$ cat structure_5.pdb   # PDB, C-alpha atoms and all ligand atoms
MODEL        1
ATOM      1  CA  MET N   1     -14.767 -15.921   8.279  1.00  0.00           C
ATOM      2  CA  GLN N   2     -14.979 -18.205  11.288  1.00  0.00           C
ATOM      3  CA  PHE N   3     -14.026 -15.241  13.448  1.00  0.00           C
ATOM      4  CA  ALA N   4     -16.896 -13.249  11.936  1.00  0.00           C
ATOM      5  CA  LEU N   5     -19.348 -16.032  12.663  1.00  0.00           C
ATOM      6  CA  LEU N   6     -18.081 -16.303  16.227  1.00  0.00           C
ATOM      7  CA  VAL N   7     -18.437 -12.575  16.811  1.00  0.00           C
ATOM      8  CA  ILE N   8     -21.947 -12.462  15.377  1.00  0.00           C
ATOM      9  CA  ALA N   9     -22.983 -15.513  17.393  1.00  0.00           C
ATOM     10  CA  LEU N  10     -21.660 -13.850  20.546  1.00  0.00           C
ATOM     11  CA  VAL N  11     -23.578 -10.676  19.787  1.00  0.00           C
ATOM     12  CA  ASN N  12     -26.785 -12.583  19.137  1.00  0.00           C
ATOM     13  CA  GLU N  13     -26.374 -14.664  22.268  1.00  0.00           C
ATOM     14  CA  ARG N  14     -25.681 -11.669  24.451  1.00  0.00           C
ATOM     15  CA  ALA N  15     -28.266  -9.457  22.835  1.00  0.00           C
ATOM     16  CA  SER N  16     -31.001 -12.010  23.407  1.00  0.00           C
ATOM     17  CA  GLY N  17     -30.166 -12.338  27.086  1.00  0.00           C
ATOM     18  CA  LEU N  18     -29.345  -8.771  27.922  1.00  0.00           C
ATOM     19  CA  ALA N  19     -31.430  -5.684  27.378  1.00  0.00           C
ATOM     20  CA  LEU N  20     -28.708  -3.142  26.858  1.00  0.00           C
ATOM     21  CA  SER N  21     -29.616   0.352  27.774  1.00  0.00           C
ATOM     22  CA  SER N  22     -27.502   3.434  28.106  1.00  0.00           C
ATOM     23  CA  ASN N  23     -29.348   4.031  31.376  1.00  0.00           C
ATOM     24  CA  LEU N  24     -28.074   0.800  32.913  1.00  0.00           C
ATOM     25  CA  PRO N  25     -24.732   0.684  34.719  1.00  0.00           C
ATOM     26  CA  TRP N  26     -21.943  -1.061  32.775  1.00  0.00           C
ATOM     27  CA  THR N  27     -21.321  -4.627  33.907  1.00  0.00           C
ATOM     28  CA  PRO N  28     -18.538  -6.954  32.731  1.00  0.00           C
ATOM     29  CA  ASP N  29     -21.104  -8.689  30.510  1.00  0.00           C
ATOM     30  CA  SER N  30     -22.458  -5.522  28.961  1.00  0.00           C
ATOM     31  CA  LEU N  31     -18.944  -4.204  28.401  1.00  0.00           C
ATOM     32  CA  ARG N  32     -18.067  -7.446  26.611  1.00  0.00           C
ATOM     33  CA  VAL N  33     -21.166  -7.103  24.421  1.00  0.00           C
ATOM     34  CA  LYS N  34     -20.197  -3.535  23.641  1.00  0.00           C
ATOM     35  CA  GLN N  35     -16.702  -4.660  22.648  1.00  0.00           C
ATOM     36  CA  VAL N  36     -18.076  -7.400  20.424  1.00  0.00           C
ATOM     37  CA  GLU N  37     -20.510  -4.985  18.777  1.00  0.00           C
ATOM     38  CA  GLU N  38     -17.619  -2.664  18.013  1.00  0.00           C
ATOM     39  CA  GLN N  39     -15.645  -5.551  16.576  1.00  0.00           C
ATOM     40  CA  VAL N  40     -18.579  -6.498  14.338  1.00  0.00           C
ATOM     41  CA  THR N  41     -18.864  -2.908  13.114  1.00  0.00           C
ATOM     42  CA  ALA N  42     -15.116  -2.762  12.428  1.00  0.00           C
ATOM     43  CA  LEU N  43     -15.241  -6.100  10.645  1.00  0.00           C
ATOM     44  CA  ARG N  44     -18.126  -4.899   8.484  1.00  0.00           C
ATOM     45  CA  SER N  45     -16.199  -1.760   7.516  1.00  0.00           C
ATOM     46  CA  SER N  46     -13.126  -3.837   6.727  1.00  0.00           C
ATOM     47  CA  VAL N  47     -15.109  -6.114   4.417  1.00  0.00           C
ATOM     48  CA  ILE N  48     -16.536  -3.098   2.561  1.00  0.00           C
ATOM     49  CA  CYS N  49     -13.040  -1.562   2.228  1.00  0.00           C
ATOM     50  CA  ALA N  50     -11.559  -4.855   1.027  1.00  0.00           C
ATOM     51  CA  PHE N  51     -14.210  -5.261  -1.673  1.00  0.00           C
ATOM     52  CA  ASN N  52     -13.729  -1.639  -2.679  1.00  0.00           C
ATOM     53  CA  GLN N  53     -10.023  -2.294  -3.116  1.00  0.00           C
ATOM     54  CA  LEU N  54     -10.856  -5.276  -5.307  1.00  0.00           C
ATOM     55  CA  LEU N  55     -13.011  -2.981  -7.449  1.00  0.00           C
ATOM     56  CA  ASP N  56     -10.084  -0.567  -7.642  1.00  0.00           C
ATOM     57  CA  LEU N  57      -7.750  -3.355  -8.752  1.00  0.00           C
ATOM     58  CA  LYS N  58     -10.152  -4.187 -11.549  1.00  0.00           C
ATOM     59  CA  ASP N  59     -10.448  -0.461 -12.284  1.00  0.00           C
ATOM     60  CA  LEU N  60     -14.194  -0.600 -11.649  1.00  0.00           C
ATOM     61  CA  ASN N  61     -14.328   2.210  -9.118  1.00  0.00           C
ATOM     62  CA  THR N  62     -14.719   5.868  -9.864  1.00  0.00           C
ATOM     63  CA  GLY N  63     -12.885   7.012  -6.741  1.00  0.00           C
ATOM     64  CA  VAL N  64     -14.259  10.224  -5.302  1.00  0.00           C
ATOM     65  CA  HIS N  65     -17.384   9.952  -7.454  1.00  0.00           C
ATOM     66  CA  SER N  66     -18.174   6.551  -6.007  1.00  0.00           C
ATOM     67  CA  THR N  67     -17.905   7.761  -2.429  1.00  0.00           C
ATOM     68  CA  ARG N  68     -19.831  10.936  -3.158  1.00  0.00           C
ATOM     69  CA  LEU N  69     -22.583   9.075  -4.952  1.00  0.00           C
ATOM     70  CA  ALA N  70     -22.870   6.700  -2.004  1.00  0.00           C
ATOM     71  CA  GLU N  71     -23.334   9.761   0.189  1.00  0.00           C
ATOM     72  CA  TRP N  72     -26.052  11.017  -2.147  1.00  0.00           C
ATOM     73  CA  GLY N  73     -27.733   7.647  -1.974  1.00  0.00           C
ATOM     74  CA  MET N  74     -27.731   7.884   1.802  1.00  0.00           C
ATOM     75  CA  ARG N  75     -29.229  11.356   1.673  1.00  0.00           C
ATOM     76  CA  VAL N  76     -31.999  10.161  -0.636  1.00  0.00           C
ATOM     77  CA  GLY N  77     -32.601   7.252   1.724  1.00  0.00           C
ATOM     78  CA  GLN N  78     -32.799   9.540   4.740  1.00  0.00           C
ATOM     79  CA  GLU N  79     -35.161  11.945   2.948  1.00  0.00           C
ATOM     80  CA  LEU N  80     -37.385   9.037   2.008  1.00  0.00           C
ATOM     81  CA  GLY N  81     -37.483   7.884   5.625  1.00  0.00           C
ATOM     82  CA  LEU N  82     -35.521   4.648   5.427  1.00  0.00           C
ATOM     83  CA  GLU N  83     -34.712   3.063   8.760  1.00  0.00           C
ATOM     84  CA  GLU N  84     -31.152   2.757  10.064  1.00  0.00           C
ATOM     85  CA  ALA N  85     -30.759  -0.885   9.035  1.00  0.00           C
ATOM     86  CA  GLU N  86     -31.918  -0.056   5.489  1.00  0.00           C
ATOM     87  CA  LEU N  87     -29.519   2.887   5.340  1.00  0.00           C
ATOM     88  CA  GLN N  88     -26.646   0.595   6.269  1.00  0.00           C
ATOM     89  CA  ASN N  89     -27.638  -1.769   3.465  1.00  0.00           C
ATOM     90  CA  LEU N  90     -27.968   1.199   1.123  1.00  0.00           C
ATOM     91  CA  GLU N  91     -24.403   2.272   1.840  1.00  0.00           C
ATOM     92  CA  VAL N  92     -23.132  -1.223   1.021  1.00  0.00           C
ATOM     93  CA  ALA N  93     -25.291  -1.508  -2.100  1.00  0.00           C
ATOM     94  CA  ALA N  94     -24.279   1.937  -3.377  1.00  0.00           C
ATOM     95  CA  LEU N  95     -20.577   1.192  -2.980  1.00  0.00           C
ATOM     96  CA  LEU N  96     -20.552  -2.450  -4.068  1.00  0.00           C
ATOM     97  CA  HIS N  97     -23.467  -2.767  -6.507  1.00  0.00           C
ATOM     98  CA  ASP N  98     -21.136  -3.700  -9.374  1.00  0.00           C
ATOM     99  CA  ILE N  99     -18.940  -6.137  -7.416  1.00  0.00           C
ATOM    100  CA  GLY N 100     -20.296  -8.904  -9.673  1.00  0.00           C
ATOM    101  CA  LYS N 101     -18.435  -7.346 -12.615  1.00  0.00           C
ATOM    102  CA  MET N 102     -15.361  -9.030 -11.148  1.00  0.00           C
ATOM    103  CA  GLY N 103     -16.743 -12.130 -12.837  1.00  0.00           C
ATOM    104  CA  ILE N 104     -17.102 -10.533 -16.279  1.00  0.00           C
ATOM    105  CA  PRO N 105     -14.195 -10.953 -18.736  1.00  0.00           C
ATOM    106  CA  ASP N 106     -12.123  -7.820 -19.368  1.00  0.00           C
ATOM    107  CA  ALA N 107     -12.696  -8.186 -23.109  1.00  0.00           C
ATOM    108  CA  ILE N 108     -16.376  -7.469 -22.448  1.00  0.00           C
ATOM    109  CA  LEU N 109     -15.943  -4.941 -19.631  1.00  0.00           C
ATOM    110  CA  ARG N 110     -13.507  -2.860 -21.669  1.00  0.00           C
ATOM    111  CA  LYS N 111     -14.936  -3.338 -25.123  1.00  0.00           C
ATOM    112  CA  PRO N 112     -14.994   0.118 -26.667  1.00  0.00           C
ATOM    113  CA  GLY N 113     -17.967  -0.477 -28.937  1.00  0.00           C
ATOM    114  CA  ARG N 114     -21.429  -1.948 -28.433  1.00  0.00           C
ATOM    115  CA  LEU N 115     -21.685  -5.401 -26.927  1.00  0.00           C
ATOM    116  CA  ASP N 116     -23.075  -8.135 -29.145  1.00  0.00           C
ATOM    117  CA  PRO N 117     -26.135 -10.047 -27.828  1.00  0.00           C
ATOM    118  CA  ASP N 118     -24.068 -12.830 -26.245  1.00  0.00           C
ATOM    119  CA  GLU N 119     -21.716 -10.360 -24.575  1.00  0.00           C
ATOM    120  CA  TYR N 120     -24.632  -8.295 -23.313  1.00  0.00           C
ATOM    121  CA  ALA N 121     -26.309 -11.423 -21.925  1.00  0.00           C
ATOM    122  CA  LEU N 122     -23.133 -12.186 -19.977  1.00  0.00           C
ATOM    123  CA  MET N 123     -22.791  -8.602 -18.754  1.00  0.00           C
ATOM    124  CA  LYS N 124     -26.361  -8.794 -17.423  1.00  0.00           C
ATOM    125  CA  LYS N 125     -25.247 -11.574 -15.111  1.00  0.00           C
ATOM    126  CA  HIS N 126     -23.247  -9.203 -12.889  1.00  0.00           C
ATOM    127  CA  PRO N 127     -26.067  -8.490 -10.391  1.00  0.00           C
ATOM    128  CA  GLU N 128     -26.474 -12.232  -9.823  1.00  0.00           C
ATOM    129  CA  TYR N 129     -22.724 -12.702  -9.442  1.00  0.00           C
ATOM    130  CA  GLY N 130     -22.606  -9.899  -6.874  1.00  0.00           C
ATOM    131  CA  TRP N 131     -25.548 -11.352  -4.958  1.00  0.00           C
ATOM    132  CA  ALA N 132     -23.986 -14.827  -4.979  1.00  0.00           C
ATOM    133  CA  VAL N 133     -20.812 -13.518  -3.353  1.00  0.00           C
ATOM    134  CA  LEU N 134     -22.211 -11.036  -0.828  1.00  0.00           C
ATOM    135  CA  ARG N 135     -25.041 -13.250   0.441  1.00  0.00           C
ATOM    136  CA  MET N 136     -22.413 -15.600   1.861  1.00  0.00           C
ATOM    137  CA  LEU N 137     -21.222 -12.936   4.308  1.00  0.00           C
ATOM    138  CA  PRO N 138     -23.154 -12.804   7.593  1.00  0.00           C
ATOM    139  CA  GLY N 139     -24.832  -9.405   7.883  1.00  0.00           C
ATOM    140  CA  PHE N 140     -24.660  -8.705   4.139  1.00  0.00           C
ATOM    141  CA  GLU N 141     -27.582 -10.903   3.050  1.00  0.00           C
ATOM    142  CA  ARG N 142     -30.062  -8.038   2.658  1.00  0.00           C
ATOM    143  CA  ALA N 143     -27.570  -5.796   0.833  1.00  0.00           C
ATOM    144  CA  ALA N 144     -26.885  -8.754  -1.477  1.00  0.00           C
ATOM    145  CA  LEU N 145     -30.582  -8.844  -2.418  1.00  0.00           C
ATOM    146  CA  ASP N 146     -30.583  -5.079  -2.981  1.00  0.00           C
ATOM    147  CA  ILE N 147     -27.588  -5.506  -5.291  1.00  0.00           C
ATOM    148  CA  LEU N 148     -29.335  -8.363  -7.116  1.00  0.00           C
ATOM    149  CA  HIS N 149     -32.121  -5.969  -8.144  1.00  0.00           C
ATOM    150  CA  HIS N 150     -30.151  -2.805  -8.984  1.00  0.00           C
ATOM    151  CA  HIS N 151     -30.923  -3.134 -12.726  1.00  0.00           C
ATOM    152  CA  GLU N 152     -34.675  -3.646 -12.413  1.00  0.00           C
ATOM    153  CA  ASN N 153     -36.883  -1.026 -14.083  1.00  0.00           C
ATOM    154  CA  LEU N 154     -40.018   0.393 -12.514  1.00  0.00           C
ATOM    155  CA  ASP N 155     -42.073  -0.819 -15.514  1.00  0.00           C
ATOM    156  CA  GLY N 156     -40.815  -4.397 -15.172  1.00  0.00           C
ATOM    157  CA  LYS N 157     -38.515  -4.248 -18.196  1.00  0.00           C
ATOM    158  CA  GLY N 158     -35.289  -4.506 -16.242  1.00  0.00           C
ATOM    159  CA  TYR N 159     -33.315  -7.533 -15.103  1.00  0.00           C
ATOM    160  CA  PRO N 160     -32.682 -10.094 -13.659  1.00  0.00           C
ATOM    161  CA  ALA N 161     -36.198 -10.728 -12.291  1.00  0.00           C
ATOM    162  CA  GLY N 162     -38.338  -8.196 -14.184  1.00  0.00           C
ATOM    163  CA  LEU N 163     -39.764  -6.892 -10.896  1.00  0.00           C
ATOM    164  CA  LYS N 164     -42.187  -3.945 -11.098  1.00  0.00           C
ATOM    165  CA  GLY N 165     -42.796  -0.862  -8.959  1.00  0.00           C
ATOM    166  CA  SER N 166     -42.794  -1.557  -5.235  1.00  0.00           C
ATOM    167  CA  GLU N 167     -41.776  -5.175  -5.860  1.00  0.00           C
ATOM    168  CA  ILE N 168     -38.304  -3.711  -6.349  1.00  0.00           C
ATOM    169  CA  PRO N 169     -36.597  -3.067  -3.007  1.00  0.00           C
ATOM    170  CA  ILE N 170     -36.434   0.650  -2.235  1.00  0.00           C
ATOM    171  CA  VAL N 171     -32.655   0.445  -1.737  1.00  0.00           C
ATOM    172  CA  SER N 172     -32.316  -1.024  -5.242  1.00  0.00           C
ATOM    173  CA  ARG N 173     -34.522   1.736  -6.684  1.00  0.00           C
ATOM    174  CA  ILE N 174     -32.255   4.359  -5.112  1.00  0.00           C
ATOM    175  CA  VAL N 175     -29.059   2.684  -6.354  1.00  0.00           C
ATOM    176  CA  THR N 176     -30.542   2.441  -9.868  1.00  0.00           C
ATOM    177  CA  VAL N 177     -30.971   6.215 -10.062  1.00  0.00           C
ATOM    178  CA  ILE N 178     -27.579   7.049  -8.539  1.00  0.00           C
ATOM    179  CA  ASP N 179     -25.828   4.470 -10.731  1.00  0.00           C
ATOM    180  CA  ALA N 180     -27.536   5.666 -13.924  1.00  0.00           C
ATOM    181  CA  PHE N 181     -26.630   9.261 -13.177  1.00  0.00           C
ATOM    182  CA  ASP N 182     -23.013   8.311 -12.474  1.00  0.00           C
ATOM    183  CA  ALA N 183     -22.804   6.322 -15.721  1.00  0.00           C
ATOM    184  CA  MET N 184     -24.249   9.193 -17.752  1.00  0.00           C
ATOM    185  CA  VAL N 185     -21.920  11.922 -16.463  1.00  0.00           C
ATOM    186  CA  SER N 186     -18.741   9.799 -16.334  1.00  0.00           C
ATOM    187  CA  SER N 187     -16.330   9.883 -19.251  1.00  0.00           C
ATOM    188  CA  ARG N 188     -15.064   6.610 -20.706  1.00  0.00           C
ATOM    189  CA  PRO N 189     -12.078   6.013 -23.001  1.00  0.00           C
ATOM    190  CA  TYR N 190     -14.483   5.797 -25.925  1.00  0.00           C
ATOM    191  CA  ARG N 191     -16.905   8.615 -25.041  1.00  0.00           C
ATOM    192  CA  VAL N 192     -17.210  11.734 -22.957  1.00  0.00           C
ATOM    193  CA  GLY N 193     -19.743  11.995 -20.164  1.00  0.00           C
ATOM    194  CA  LEU N 194     -22.964  13.920 -20.625  1.00  0.00           C
ATOM    195  CA  PRO N 195     -23.396  17.396 -19.165  1.00  0.00           C
ATOM    196  CA  HIS N 196     -25.033  16.950 -15.786  1.00  0.00           C
ATOM    197  CA  GLU N 197     -28.028  19.023 -16.906  1.00  0.00           C
ATOM    198  CA  GLU N 198     -28.633  16.517 -19.717  1.00  0.00           C
ATOM    199  CA  ALA N 199     -28.237  13.601 -17.291  1.00  0.00           C
ATOM    200  CA  VAL N 200     -30.827  15.165 -14.988  1.00  0.00           C
ATOM    201  CA  ARG N 201     -33.159  15.693 -17.975  1.00  0.00           C
ATOM    202  CA  ARG N 202     -32.850  12.009 -18.874  1.00  0.00           C
ATOM    203  CA  LEU N 203     -33.560  10.948 -15.286  1.00  0.00           C
ATOM    204  CA  ILE N 204     -36.755  12.998 -15.356  1.00  0.00           C
ATOM    205  CA  GLU N 205     -37.665  11.692 -18.817  1.00  0.00           C
ATOM    206  CA  SER N 206     -37.446   8.082 -17.628  1.00  0.00           C
ATOM    207  CA  SER N 207     -39.219   8.666 -14.315  1.00  0.00           C
ATOM    208  CA  GLY N 208     -42.098   6.239 -13.996  1.00  0.00           C
ATOM    209  CA  THR N 209     -40.716   3.837 -16.602  1.00  0.00           C
ATOM    210  CA  GLN N 210     -37.109   3.090 -15.658  1.00  0.00           C
ATOM    211  CA  PHE N 211     -36.811   5.120 -12.454  1.00  0.00           C
ATOM    212  CA  ASP N 212     -38.861   5.679  -9.310  1.00  0.00           C
ATOM    213  CA  PRO N 213     -40.157   9.283  -9.611  1.00  0.00           C
ATOM    214  CA  ALA N 214     -39.931   9.893  -5.864  1.00  0.00           C
ATOM    215  CA  VAL N 215     -36.263   8.874  -5.862  1.00  0.00           C
ATOM    216  CA  VAL N 216     -35.483  11.031  -8.915  1.00  0.00           C
ATOM    217  CA  ARG N 217     -37.235  14.061  -7.402  1.00  0.00           C
ATOM    218  CA  CYS N 218     -35.357  13.658  -4.157  1.00  0.00           C
ATOM    219  CA  PHE N 219     -31.994  13.124  -5.860  1.00  0.00           C
ATOM    220  CA  ILE N 220     -32.090  16.041  -8.264  1.00  0.00           C
ATOM    221  CA  SER N 221     -33.276  18.423  -5.546  1.00  0.00           C
ATOM    222  CA  PHE N 222     -29.746  18.525  -4.146  1.00  0.00           C
ATOM    223  CA  ALA N 223     -27.599  16.923  -6.887  1.00  0.00           C
ATOM    224  CA  GLN N 224     -27.926  19.916  -9.187  1.00  0.00           C
ATOM    225  CA  ALA N 225     -26.923  22.365  -6.494  1.00  0.00           C
ATOM    226  CA  GLU N 226     -23.835  20.353  -5.516  1.00  0.00           C
ATOM    227  CA  MET N 227     -22.605  19.168  -8.892  1.00  0.00           C
ATOM    228  CA  ALA N 228     -19.851  21.765  -9.280  1.00  0.00           C
ATOM    229  CA  THR N 229     -18.464  20.913  -5.836  1.00  0.00           C
ATOM    230  CA  VAL N 230     -18.476  17.217  -6.616  1.00  0.00           C
ATOM    231  CA  PHE N 231     -16.569  17.580  -9.860  1.00  0.00           C
ATOM    232  CA  ALA N 232     -14.078  19.895  -8.164  1.00  0.00           C
ATOM    233  CA  ALA N 233     -13.546  17.316  -5.415  1.00  0.00           C
ATOM    234  CA  ALA N 234     -12.882  14.702  -8.077  1.00  0.00           C
ATOM    235  CA  GLY N 235     -10.121  16.852  -9.524  1.00  0.00           C
ATOM    236  CA  THR N 236     -12.102  17.748 -12.631  1.00  0.00           C
ATOM    237  CA  SER N 237     -14.441  20.525 -13.555  1.00  0.00           C
ATOM    238  CA  VAL N 238     -17.995  20.215 -14.753  1.00  0.00           C
ATOM    239  CA  SER N 239     -16.976  21.304 -18.231  1.00  0.00           C
ATOM    240  CA  SER N 240     -14.066  18.841 -18.461  1.00  0.00           C
ATOM    241  CA  ALA N 241     -16.431  16.004 -17.705  1.00  0.00           C
ATOM    242  CA  LEU N 242     -18.812  16.958 -20.502  1.00  0.00           C
TER     243      LEU N 242
HETATM  244 FE    FE N 301     -24.620  -2.658 -12.436  1.00  0.00          FE
ENDMDL
END

$ encode --input "structure_5.pdb" --output "structure tokens" --more "lines below"
Ligand SMILES: [Fe+2]
Amino acid sequence: MQFALLVIALVNERASGLALSSNLPWTPDSLRVKQVEEQVTALRSSVICAFNQLLDLKDLNTGVHSTRLAEWGMRVGQELGLEEAELQNLEVAALLHDIGKMGIPDAILRKPGRLDPDEYALMKKHPEYGWAVLRMLPGFERAALDILHHHENLDGKGYPAGLKGSEIPIVSRIVTVIDAFDAMVSSRPYRVGLPHEEAVRRLIESSGTQFDPAVVRCFISFAQAEMATVFAAAGTSVSSAL
């Protein structure tokens, strides 16, 4: 982590003193800044991969689905006009939104039936756990906040803060829709996933209460058309996931 801090400090120091432009000739200083920027980018990717592997170890990832849904999130973000920095946070939040489940006991995570009130209260802590971990990483502070709010509802009935409407970060609102869709269509040991048409119907039904209507509209505009391809890529068919 000290290396990460050093790299980021170097970038900040150089960036404040040098106006990098592709039109300017490369100097030893600007080349060094470029190298450090590339190292920061590589380090960021490594952190994301490492956390993803942790999720895999805990069997909390859905493999191809997870990656594909992150791509969908990015497409929604681009359609909605998010800036580059927000899109980068969106990618992190889409992939790692449930990282806080690492702190939830397996007996609760894998319970086949309904959770009792105490178990559910503990499960609802996972956004805070995820935020608490990711906010400690330089460059991940904003994504940590987006993860903190990925279970808020548009009508204020979500958690942990009960934020409403535009109080909820747009990245969180996008992840909420993608995550809900993924949960609905995915099969679990104790239940089969919903047909994707039914999942889309439920997204529309809860638009304006649980979900941001603009996000839902944007998502379903291409999700329906690509669903068969996605399930094929995951090694399943649409019907086998029903
Ligand atoms: Fe979650």

$ residues_near_ligand --input "structure_5.pdb" --ligand "ligand FE 301 (chain N)" --cutoff "12 Å" --atoms "all atoms listed in the file" --output "PyMOL selection string"
chain N and resi 60-61+93-102+104+109+123-131+146-152+158-160+172+175-180+182-183

$ atom_distance --input "structure_5.pdb" --atom1 "CA of Leu154 in chain N" --atom2 "CA of Thr209 in chain N"
5.4 Å

$ atom_distance --input "structure_5.pdb" --atom1 "CA of Ser221 in chain N" --atom2 "CA of Glu198 in chain N"
15.0 Å

$ atom_distance --input "structure_5.pdb" --atom1 "CA of Leu80 in chain N" --atom2 "CA of Phe219 in chain N"
10.4 Å

$ closest_residue --input "structure_5.pdb" --among "N:Ala199, N:Glu79, N:Ile220, N:Arg191" --to "Pro112 in chain N" --atoms "only C-alpha atoms"
N:Arg191

$ residues_near_point --input "structure_5.pdb" --point "(-44.2, -2.1, -8.9)" --cutoff "12 Å" --atoms "all atoms listed in the file" --output "CSV table (one decimal) with C-alpha atoms, keeping the file's coordinate frame"
chain,number,residue,atom,x,y,z
N,152,GLU,CA,-34.7,-3.6,-12.4
N,153,ASN,CA,-36.9,-1.0,-14.1
N,154,LEU,CA,-40.0,0.4,-12.5
N,155,ASP,CA,-42.1,-0.8,-15.5
N,156,GLY,CA,-40.8,-4.4,-15.2
N,157,LYS,CA,-38.5,-4.2,-18.2
N,158,GLY,CA,-35.3,-4.5,-16.2
N,162,GLY,CA,-38.3,-8.2,-14.2
N,163,LEU,CA,-39.8,-6.9,-10.9
N,164,LYS,CA,-42.2,-3.9,-11.1
N,165,GLY,CA,-42.8,-0.9,-9.0
N,166,SER,CA,-42.8,-1.6,-5.2
N,167,GLU,CA,-41.8,-5.2,-5.9
N,168,ILE,CA,-38.3,-3.7,-6.3
N,169,PRO,CA,-36.6,-3.1,-3.0
N,170,ILE,CA,-36.4,0.6,-2.2
N,173,ARG,CA,-34.5,1.7,-6.7
N,208,GLY,CA,-42.1,6.2,-14.0
N,209,THR,CA,-40.7,3.8,-16.6
N,210,GLN,CA,-37.1,3.1,-15.7
N,211,PHE,CA,-36.8,5.1,-12.5
N,212,ASP,CA,-38.9,5.7,-9.3

$ closest_residue --input "structure_5.pdb" --among "N:Met74, N:Leu137, N:Val192, N:Ala223" --to "Leu43 in chain N" --atoms "all atoms listed in the file"
N:Leu137

$ resolve_selection --input "structure_5.pdb" --expression "the PyMOL selection byres (((chain N and resi 143) around 9) and not hetatm)" --output "PyMOL selection string"
chain N and resi 86+88-93+97+131+134-135+139-142+144-148+171

$ resolve_selection --input "structure_5.pdb" --expression "the PyMOL selection byres (((chain N and resi 44) around 10) and not hetatm)" --output "PyMOL selection string"
chain N and resi 4+38-43+45-50+92+137-140

$ write_last_selection --input "structure_5.pdb" --atoms "C-alpha atoms" --output "mmCIF file, in the coordinates of the input"
data_model
loop_
_atom_site.group_PDB
_atom_site.id
_atom_site.type_symbol
_atom_site.label_atom_id
_atom_site.label_comp_id
_atom_site.auth_asym_id
_atom_site.auth_seq_id
_atom_site.Cartn_x
_atom_site.Cartn_y
_atom_site.Cartn_z
ATOM 1 C CA ALA N 4 -16.896 -13.249 11.936
ATOM 2 C CA GLU N 38 -17.619 -2.664 18.013
ATOM 3 C CA GLN N 39 -15.645 -5.551 16.576
ATOM 4 C CA VAL N 40 -18.579 -6.498 14.338
ATOM 5 C CA THR N 41 -18.864 -2.908 13.114
ATOM 6 C CA ALA N 42 -15.116 -2.762 12.428
ATOM 7 C CA LEU N 43 -15.241 -6.100 10.645
ATOM 8 C CA SER N 45 -16.199 -1.760 7.516
ATOM 9 C CA SER N 46 -13.126 -3.837 6.727
ATOM 10 C CA VAL N 47 -15.109 -6.114 4.417
ATOM 11 C CA ILE N 48 -16.536 -3.098 2.561
ATOM 12 C CA CYS N 49 -13.040 -1.562 2.228
ATOM 13 C CA ALA N 50 -11.559 -4.855 1.027
ATOM 14 C CA VAL N 92 -23.132 -1.223 1.021
ATOM 15 C CA LEU N 137 -21.222 -12.936 4.308
ATOM 16 C CA PRO N 138 -23.154 -12.804 7.593
ATOM 17 C CA GLY N 139 -24.832 -9.405 7.883
ATOM 18 C CA PHE N 140 -24.660 -8.705 4.139
#
